[in-house]
Amino acid sequence: MKTTSCNTTLLLCLLPILLVACQSESGSAMKDPYTVDMKATKDSTEIEILSDDQGCETNGHGKKGCVQCKKNKECTIEFRLNLAQGQVGKTCQATPPPDWVITKVELSPDGSSLTNKGDFPKEPSGWMKNAFEGIDGSNGSLPVPANPTQSITVIDLNNHRYGGLKTAYYQVTATSCGVAPRTIQIDPAIQNKGR
């Protein structure tokens with residue numbers, strides 16, 4: 001009888017420790033999801049950013065399309081072109097086809113904090129090569145599906161340990177669906193606070 005009582009007491013004492021351990025394990029794997037909504041009409045010459053600043057400025061009134069991955073957090077950034085909430089991205093083979101699909105996402109360490117514009121193509125810096133899986137070390141291109149759609153998600157591991165805020169400029173390229181494809185681009189910033 002005493003043995004059962006001791007085992008039960010021991011289990012009840014350990015249970016809160018196990019729960020805390022499970023909570024911190026899942027907490028460290030959590031990602032902050034961000035969405036950058038973009039718009040382009042059929043005859044557009046440039047992509048328009050619809051999403052407001054998401055954490056880059058403390059007052060929330062910074063440059064449109066800027067995303068900041070918080071300290072100790074990974075984040076996912078979904079770029080959506082001409083997609084309303086809940087819609088599924090289409091390829092150029094859809095009937096009817098969309099006006100545009102996302103065909104390239106590039107990152108650059110160089111740009112202007114005043115205009116929020118990046119310089120492309122550029123070789124990514126060391127911290128960017130660690131933070132963005134699959135990035136091309138020569139020009140900063142990220143992997144895109146062979147059959148592009150109106151949406152693409154980028155994973156930002158935000159794992160630099162060099163201190164301070166790091167900025168990467170992203171350039172999204174869209175290509176029109178049709179006989180004579182055209183391209184248009186937009187290039188705001190991603191800010192990374194690291195871990």
# chains A, B, ... in the order shown; residues from 1 in each chain; ligands from 1
$ closest_atom_pairs --of "stretch 16-98 of chain A" --to "stretch 130-140 of chain A" --cutoff "12 Å" --atoms "only C-alpha atoms" --output "CSV"
residue,atom,partner,partner_atom,distance
A:Cys69,CA,A:Ala131,CA,11.1
A:Lys73,CA,A:Ala131,CA,11.5
A:Glu74,CA,A:Ala131,CA,9.0
A:Cys75,CA,A:Ala131,CA,10.3
A:Thr76,CA,A:Phe132,CA,10.5
A:Ile77,CA,A:Phe132,CA,11.3
$ select_by_dssp --residues "stretch 33-186 of chain A" --states "helix (DSSP H, G or I)" --output "ChimeraX atom specification"
/A:126-131
$ closest_residue --among "A:Asp53, A:Asp32, A:Asp37, A:Asp43" --to "A:Ala189" --atoms "only C-alpha atoms"
A:Asp53
$ atom_distance --atom1 "atom CA of A:Lys70" --atom2 "atom CA of A:Lys193"
5.5 Å
$ closest_residue --among "A:Pro97, A:Gly89, A:Gly62, A:Pro109" --to "A:Glu123" --atoms "only C-alpha atoms"
A:Pro109
$ closest_residue --among "A:Met38, A:Val172, A:Leu83, A:Ile152" --to "A:Asp187" --atoms "only C-alpha atoms"
A:Val172
$ residues_around --residues "A:Ile184" --least-positions-apart "3" --cutoff "9 Å" --atoms "only C-alpha atoms" --output "PyMOL selection string"
chain A and resi 40+44-47+172-176
$ write_last_selection --atoms "N, CA, C and O atoms" --output "PDB file, in the first residue's frame"
ATOM      1  N   ALA A  40      -1.975  43.379 -58.627  1.00  0.00           N
ATOM      2  CA  ALA A  40      -1.539  43.845 -59.945  1.00  0.00           C
ATOM      3  C   ALA A  40      -2.680  43.641 -60.924  1.00  0.00           C
ATOM      4  O   ALA A  40      -3.249  42.557 -60.999  1.00  0.00           O
ATOM      5  N   SER A  44      -0.665  46.087 -65.460  1.00  0.00           N
ATOM      6  CA  SER A  44       0.243  46.728 -64.495  1.00  0.00           C
ATOM      7  C   SER A  44       1.680  46.766 -64.997  1.00  0.00           C
ATOM      8  O   SER A  44       2.116  45.899 -65.745  1.00  0.00           O
ATOM      9  N   THR A  45       2.398  47.787 -64.514  1.00  0.00           N
ATOM     10  CA  THR A  45       3.839  47.857 -64.766  1.00  0.00           C
ATOM     11  C   THR A  45       4.617  47.620 -63.470  1.00  0.00           C
ATOM     12  O   THR A  45       5.831  47.516 -63.488  1.00  0.00           O
ATOM     13  N   GLU A  46       3.917  47.558 -62.338  1.00  0.00           N
ATOM     14  CA  GLU A  46       4.538  47.291 -61.049  1.00  0.00           C
ATOM     15  C   GLU A  46       3.526  46.649 -60.115  1.00  0.00           C
ATOM     16  O   GLU A  46       2.330  46.890 -60.228  1.00  0.00           O
ATOM     17  N   ILE A  47       4.015  45.822 -59.206  1.00  0.00           N
ATOM     18  CA  ILE A  47       3.155  45.199 -58.190  1.00  0.00           C
ATOM     19  C   ILE A  47       2.886  46.219 -57.093  1.00  0.00           C
ATOM     20  O   ILE A  47       3.792  46.929 -56.656  1.00  0.00           O
ATOM     21  N   VAL A 172      10.032  40.399 -55.278  1.00  0.00           N
ATOM     22  CA  VAL A 172       9.090  39.432 -55.815  1.00  0.00           C
ATOM     23  C   VAL A 172       8.872  39.767 -57.282  1.00  0.00           C
ATOM     24  O   VAL A 172       8.576  40.913 -57.627  1.00  0.00           O
ATOM     25  N   THR A 173       9.049  38.768 -58.126  1.00  0.00           N
ATOM     26  CA  THR A 173       8.821  38.948 -59.563  1.00  0.00           C
ATOM     27  C   THR A 173       7.591  38.155 -59.958  1.00  0.00           C
ATOM     28  O   THR A 173       7.466  36.974 -59.614  1.00  0.00           O
ATOM     29  N   ALA A 174       6.681  38.815 -60.669  1.00  0.00           N
ATOM     30  CA  ALA A 174       5.494  38.151 -61.212  1.00  0.00           C
ATOM     31  C   ALA A 174       5.596  38.125 -62.730  1.00  0.00           C
ATOM     32  O   ALA A 174       6.116  39.056 -63.343  1.00  0.00           O
ATOM     33  N   THR A 175       5.107  37.053 -63.312  1.00  0.00           N
ATOM     34  CA  THR A 175       5.101  36.905 -64.767  1.00  0.00           C
ATOM     35  C   THR A 175       3.666  36.718 -65.223  1.00  0.00           C
ATOM     36  O   THR A 175       2.895  35.976 -64.600  1.00  0.00           O
ATOM     37  N   SER A 176       3.316  37.397 -66.312  1.00  0.00           N
ATOM     38  CA  SER A 176       1.945  37.311 -66.813  1.00  0.00           C
ATOM     39  C   SER A 176       1.717  35.967 -67.495  1.00  0.00           C
ATOM     40  O   SER A 176       2.642  35.363 -68.039  1.00  0.00           O
TER      41      SER A 176
END
$ residues_around --residues "A:Ala168" --least-positions-apart "5" --cutoff "8 Å" --atoms "only C-alpha atoms" --output "VMD selection string"
chain A and resid 107 to 110 128 189 to 192
$ select_by_dssp --residues "stretch 15-184 of chain A" --states "strand (DSSP E)" --output "CSV table (one decimal) with C-alpha atoms, in the first residue's frame"
chain,number,residue,atom,x,y,z
A,31,LYS,CA,6.7,30.3,-36.1
A,32,ASP,CA,5.2,33.7,-36.5
A,33,PRO,CA,3.1,33.6,-39.7
A,34,TYR,CA,3.1,36.8,-41.9
A,35,THR,CA,1.2,37.5,-45.1
A,36,VAL,CA,2.2,40.1,-47.7
A,37,ASP,CA,-0.8,40.7,-49.9
A,38,MET,CA,0.0,42.2,-53.3
A,39,LYS,CA,-2.1,43.4,-56.2
A,48,GLU,CA,1.3,47.2,-55.5
A,49,ILE,CA,1.8,46.2,-51.9
A,67,VAL,CA,8.0,42.3,-42.1
A,68,GLN,CA,10.0,41.9,-38.9
A,69,CYS,CA,10.8,38.5,-37.5
A,74,GLU,CA,11.2,31.8,-36.8
A,75,CYS,CA,8.7,33.2,-39.2
A,76,THR,CA,6.9,32.2,-42.4
A,77,ILE,CA,6.2,34.9,-45.0
A,78,GLU,CA,3.5,34.1,-47.5
A,79,PHE,CA,3.5,36.3,-50.6
A,80,ARG,CA,0.1,36.4,-52.2
A,81,LEU,CA,-0.7,38.1,-55.5
A,100,TRP,CA,0.0,36.9,-63.0
A,101,VAL,CA,1.9,34.2,-61.1
A,102,ILE,CA,4.9,34.6,-58.8
A,103,THR,CA,8.0,33.3,-60.7
A,104,LYS,CA,10.9,34.5,-58.5
A,105,VAL,CA,11.7,35.6,-55.0
A,106,GLU,CA,15.2,37.1,-54.4
A,107,LEU,CA,16.9,38.4,-51.3
A,108,SER,CA,19.6,41.1,-51.1
A,111,GLY,CA,19.4,48.5,-50.2
A,112,SER,CA,18.1,51.9,-48.9
A,117,LYS,CA,14.3,49.4,-52.1
A,118,GLY,CA,16.9,46.7,-52.6
A,151,SER,CA,1.3,32.4,-53.8
A,152,ILE,CA,4.7,31.4,-52.4
A,153,THR,CA,5.8,30.9,-48.8
A,154,VAL,CA,9.3,31.7,-47.5
A,155,ILE,CA,10.7,30.3,-44.2
A,156,ASP,CA,12.9,32.7,-42.3
A,166,LYS,CA,19.6,42.6,-39.7
A,167,THR,CA,17.7,43.7,-42.9
A,168,ALA,CA,17.2,41.7,-46.1
A,169,TYR,CA,15.4,43.2,-49.0
A,170,TYR,CA,13.1,40.9,-51.0
A,171,GLN,CA,12.2,41.3,-54.6
A,172,VAL,CA,9.1,39.4,-55.8
A,173,THR,CA,8.8,38.9,-59.6
A,174,ALA,CA,5.5,38.2,-61.2
A,175,THR,CA,5.1,36.9,-64.8
A,176,SER,CA,1.9,37.3,-66.8
A,183,THR,CA,7.4,40.6,-65.8
A,184,ILE,CA,6.8,43.1,-63.0
$ atom_distance --atom1 "atom CA of A:Lys90" --atom2 "atom CA of A:Pro121"
27.2 Å
$ decode --residues "stretch 74-129 of chain A" --atoms "C-alpha atoms" --output "PDB file, in the first residue's frame"
ATOM      1  CA  GLU A  74      11.238  31.832 -36.798  1.00  0.00           C
ATOM      2  CA  CYS A  75       8.691  33.189 -39.215  1.00  0.00           C
ATOM      3  CA  THR A  76       6.931  32.221 -42.397  1.00  0.00           C
ATOM      4  CA  ILE A  77       6.186  34.885 -44.972  1.00  0.00           C
ATOM      5  CA  GLU A  78       3.496  34.099 -47.522  1.00  0.00           C
ATOM      6  CA  PHE A  79       3.541  36.343 -50.569  1.00  0.00           C
ATOM      7  CA  ARG A  80       0.073  36.414 -52.168  1.00  0.00           C
ATOM      8  CA  LEU A  81      -0.670  38.124 -55.466  1.00  0.00           C
ATOM      9  CA  ASN A  82      -4.300  38.925 -56.346  1.00  0.00           C
ATOM     10  CA  LEU A  83      -5.568  36.436 -53.760  1.00  0.00           C
ATOM     11  CA  ALA A  84      -8.454  37.275 -51.456  1.00  0.00           C
ATOM     12  CA  GLN A  85      -8.535  35.612 -48.031  1.00  0.00           C
ATOM     13  CA  GLY A  86      -9.085  31.869 -48.326  1.00  0.00           C
ATOM     14  CA  GLN A  87      -8.579  31.612 -52.094  1.00  0.00           C
ATOM     15  CA  VAL A  88      -6.245  29.034 -53.587  1.00  0.00           C
ATOM     16  CA  GLY A  89      -3.466  30.106 -55.944  1.00  0.00           C
ATOM     17  CA  LYS A  90      -3.849  29.164 -59.604  1.00  0.00           C
ATOM     18  CA  THR A  91      -1.220  28.274 -62.181  1.00  0.00           C
ATOM     19  CA  CYS A  92      -1.166  29.625 -65.747  1.00  0.00           C
ATOM     20  CA  GLN A  93      -2.744  26.324 -66.832  1.00  0.00           C
ATOM     21  CA  ALA A  94      -5.949  27.062 -64.867  1.00  0.00           C
ATOM     22  CA  THR A  95      -9.184  27.865 -66.716  1.00  0.00           C
ATOM     23  CA  PRO A  96      -9.433  30.803 -66.704  1.00  0.00           C
ATOM     24  CA  PRO A  97      -5.769  31.556 -65.967  1.00  0.00           C
ATOM     25  CA  PRO A  98      -4.780  34.266 -63.481  1.00  0.00           C
ATOM     26  CA  ASP A  99      -3.317  37.514 -64.819  1.00  0.00           C
ATOM     27  CA  TRP A 100      -0.015  36.898 -62.993  1.00  0.00           C
ATOM     28  CA  VAL A 101       1.889  34.182 -61.135  1.00  0.00           C
ATOM     29  CA  ILE A 102       4.906  34.569 -58.821  1.00  0.00           C
ATOM     30  CA  THR A 103       7.966  33.274 -60.660  1.00  0.00           C
ATOM     31  CA  LYS A 104      10.867  34.504 -58.534  1.00  0.00           C
ATOM     32  CA  VAL A 105      11.707  35.646 -55.012  1.00  0.00           C
ATOM     33  CA  GLU A 106      15.181  37.115 -54.437  1.00  0.00           C
ATOM     34  CA  LEU A 107      16.902  38.450 -51.333  1.00  0.00           C
ATOM     35  CA  SER A 108      19.602  41.090 -51.094  1.00  0.00           C
ATOM     36  CA  PRO A 109      21.614  42.471 -48.162  1.00  0.00           C
ATOM     37  CA  ASP A 110      21.966  45.823 -49.973  1.00  0.00           C
ATOM     38  CA  GLY A 111      19.368  48.543 -50.232  1.00  0.00           C
ATOM     39  CA  SER A 112      18.146  51.890 -48.931  1.00  0.00           C
ATOM     40  CA  SER A 113      16.409  52.255 -45.576  1.00  0.00           C
ATOM     41  CA  LEU A 114      14.930  55.553 -46.805  1.00  0.00           C
ATOM     42  CA  THR A 115      13.258  54.221 -49.942  1.00  0.00           C
ATOM     43  CA  ASN A 116      12.939  50.600 -48.731  1.00  0.00           C
ATOM     44  CA  LYS A 117      14.274  49.443 -52.102  1.00  0.00           C
ATOM     45  CA  GLY A 118      16.894  46.737 -52.556  1.00  0.00           C
ATOM     46  CA  ASP A 119      19.681  46.206 -55.081  1.00  0.00           C
ATOM     47  CA  PHE A 120      19.302  43.014 -57.166  1.00  0.00           C
ATOM     48  CA  PRO A 121      20.789  40.582 -57.992  1.00  0.00           C
ATOM     49  CA  LYS A 122      23.261  40.438 -55.087  1.00  0.00           C
ATOM     50  CA  GLU A 123      25.168  37.723 -53.282  1.00  0.00           C
ATOM     51  CA  PRO A 124      23.467  37.075 -49.917  1.00  0.00           C
ATOM     52  CA  SER A 125      25.419  37.770 -46.739  1.00  0.00           C
ATOM     53  CA  GLY A 126      26.491  34.989 -44.341  1.00  0.00           C
ATOM     54  CA  TRP A 127      23.595  35.397 -41.924  1.00  0.00           C
ATOM     55  CA  MET A 128      21.114  35.289 -44.836  1.00  0.00           C
ATOM     56  CA  LYS A 129      22.604  32.002 -46.058  1.00  0.00           C
TER      57      LYS A 129
END
